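Presented below is the structure to which this report refers.
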Amino acid sequence: MTPSAAAILPFPREARIAPRPILLSPPELSGNELDEVAQTLRSGWLAPAGPTLAAFERAVAESMQAPEAIALNSGTAALHLAYRVLGVAPGDEVWTTTLTFIATIAPAVQMGATPRFLDVCPQSWTLDPARLRRELAAAARRGRLPRVVVPADLFGQPSDMPAIRAACARWGVPVLSDSACAMGGLQHGRPAGAGADLSVVSFNGNKIITTGGGGALLGDPTLLARARHLAHQAREAAAHYQHETTGHNYAMGSVTAAIGLAQLPELERRVAARRAIFRRYQEALGHLPGITFMPEPGWARSSRWLTAMLVDPQRFGADREMIRMALAAQGIESRPVWKPMHLQPAFRDAPRSGGAFATGLFEDGLCLPSGSGLGAAEQGRVIDAILGVARRG
C-alpha cells in the first residue's frame with residue numbers, strides 16, 4: 001500500500017506554510033483599473049496624449065488645489081523639469097531639508113548646482129522655517145541667495161508652506177515643494193505643496209495613489225507650459241522635427257494615466273485607513289517606555305503614508321535595528337527613517353545648517369508597515385513582534 005502524503009512528510013503540512021509577508025507600503029488597487037485601461041485601449045490612445053491623460057491631469061490638479069498639472073513618467077522627472085524651468089544653472093545653490101530621499105536634490109546636483117542641507121524641526125520633522133529665515137538673511141548678507149528652496153514633505157507630513165513661502169518671498173527666492181509622498185496630506189487646510197511656485201507628487205508603486213510609476217508637476221501655468229514643452233523632447237510646432245533646445249522623454253502614457261484615474265477617487269478613504277493604522281500602532285505601543293511616534297502639528301493633517309516611531313534604546317531595552325531585525329525574521333518589512341543627506345557619502349562636502357535633530361531621527365527612527373490595505377490581523381502580527389522585543393528587553 002502506498003504511504004499517504006501525510007505519512008512521508010517530516011512535519012504537518014500546516015507547519016510548512018510560512019505566514020504571508022507583510023510589506024511596508026504595497027500598492028492597493030481600487031478594482032476599477034481594468035475598466036479604465038480597457039476604455040483607454042478601446043479609444044486607441046496609448047501615447048502620452050488623449051482624453052484619459054487629460055482627464056487624469058485635471059483630476060490631479062483638482063485634488064491638489066493647483067491651477068494645472070502635468071503627468072510625467074516619474075516624480076524625479078517632475079523635479080528635474082522644475083529645476084529647469086526655475087533656471088537652475090551650474091554654480092547655483094539649491095537648498096533643501098537634509099531629511100529626504102535623494103531624488104529631491106539629485107537632479108539639481110546633476111545640473112551643476114551645489115546643495116545646501118538644512119535641519120528639520122521637532123514639531124513636524126520637516127524643514128525648519130525659523131532656521132530657513134536665519135540662513136536666508138545670512139545668505140543675503142553674503143550676496144549668495146539660493147536659486148530655489150525645496151521643502152520636502154516626510155512620510156505624508158506636509159511642510160509648513162505659509163511660513164516657508166513668507167521666508168523666501170522676502171528675498172525673491174522661489175519655492176519648489178517635493179510633496180512626492182504627501183498626497184492627501186493637508187497644511188493649514190490646503191493640500192500638501194499648495195502655495196509653492198511648483199510642487200511635485202509621486203505615483204510610484206509604494207505611494208498612496210499609484211500607477212506603478214509616475215509623477216506630476218503642479219503649479220504656475222506659465223512655468224508648466226515650459227515644462228510640458230521640455231517633457232515632449234522640446235519639439236517646436238512644425239511639420240518636421242524642429243528643436244531650439246534639448247528636452248526629455250518624460251511624459252506619462254495614457255494607459256498609466258488610466259490606472260491613476262481609477263485610483264484617485266480612493267484617496268480620502270486611503271488616507272483615513274492609514275491614519276487609523278497609525279492610531280492603532282500608537283494605542284498598542286505608545287505606552288511602552290522609550291517608544292514615541294512622529295508628531296503632527298496643529299496646522300497639519302498627515303496622510304500617514306508611513307507610520308514612523310522613535311525608539312530610545314536606553315528606556316526600551318533594545319534599539320531600532322534590533323526591532324527591525326526581529327520584524328524581518330517574521331517576514332515583516334520595516335525601514336529606518338531616511339538617512340539624512342548630509343550623512344550620505346555623495347554629499348560629504350556639501351554645506352549644511354544643523355543636522356543633529358535629523359541625525360537622531362535616523363539613528364532611532366523606524367517606519368512600520370502602513371499600507372492602506374493592512375488588515376487588523378496583519379497589524380496585530382507587527383505589534384506582537386515589537387512587544388516580543390520589548391519583553392526580551
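Residue names in the C-alpha cells use chain letters A, B, ... in the order shown, residue numbers from 1 in each chain, and ligand numbers from 1 in the order shown.
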**Report entry** Arg315 of chain A surroundings by only C-alpha atoms, 9 Å radius, close-in-sequence under 2 positions cut, as a list in words
**Finding:** Leu288, Pro289, Gly290, Ile291, Val311, Asp312, Pro313, Gly317 and Ala318 of chain A
Go ahead and dump the residues you just picked, C-alpha atoms, as a PDB file, in the first residue's frame.
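Result file part-v3.pdb:
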ATOM      1  CA  LEU A 288       5.926  51.334  26.169  1.00  0.00           C
ATOM      2  CA  PRO A 289       8.934  53.046  27.763  1.00  0.00           C
ATOM      3  CA  GLY A 290      11.096  54.672  25.088  1.00  0.00           C
ATOM      4  CA  ILE A 291       8.556  54.475  22.242  1.00  0.00           C
ATOM      5  CA  VAL A 311      12.976  54.051  19.907  1.00  0.00           C
ATOM      6  CA  ASP A 312      15.019  55.211  22.897  1.00  0.00           C
ATOM      7  CA  PRO A 313      17.249  52.160  23.412  1.00  0.00           C
ATOM      8  CA  GLY A 317      15.934  47.984  26.229  1.00  0.00           C
ATOM      9  CA  ALA A 318      16.562  47.416  22.511  1.00  0.00           C
TER      10      ALA A 318
END
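Non-sequential neighbours of segment 345-358 of chain A (distance at most 6 Å, separation of 2 or more positions within a chain, only C-alpha atoms) are Arg116, Phe117, Leu118, Asp119, His342, Gly360 and Leu361 of chain A.
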Requested in this report: Per DSSP on the backbone, filter segment 195-352 of chain A down to the residues in strand (DSSP E) and report them as a VMD selection string.
Outcome: chain A and resid 198 to 202 215 to 219 291 to 293 300 to 301 307 to 311 335 to 336 352
Query raised in the report: So which one's closest to Ala77 of chain A, A:Phe316, A:Phe101, A:Tyr250, A:Trp338? Using only C-alpha atoms, please.
Result: A:Tyr250
Requested in this report: Fewer than 6 positions away in the same chain doesn't count, so skip those; otherwise give me all residues within 8 Å of Gly184 of chain A, counting only C-alpha atoms, as an NGL selection string.
Outcome: :A and (156 or 191-192 or 267-268 or 271 or 302-303)
**Report entry** Coordinates-based distance that separates atom CA of Thr307 of chain A from atom CA of Gly365 of chain A (Å, one decimal)
**Finding:** 10.2 Å
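If you look at atom CA of Pro174 of chain A and atom CA of Thr104 of chain A, they are 15.5 Å away from each other.
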Report task. Using DSSP on the backbone coordinates, identify all residues within segment 81-235 of chain A classified as alpha helix (DSSP H); present the result as an MDAnalysis selection string. Result -> chainID A and resid 81:85 106:110 129:142 161:169 221:231
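The coordinates place atom CA of Gly215 of chain A at 5.2 Å from atom CA of Leu72 of chain A.
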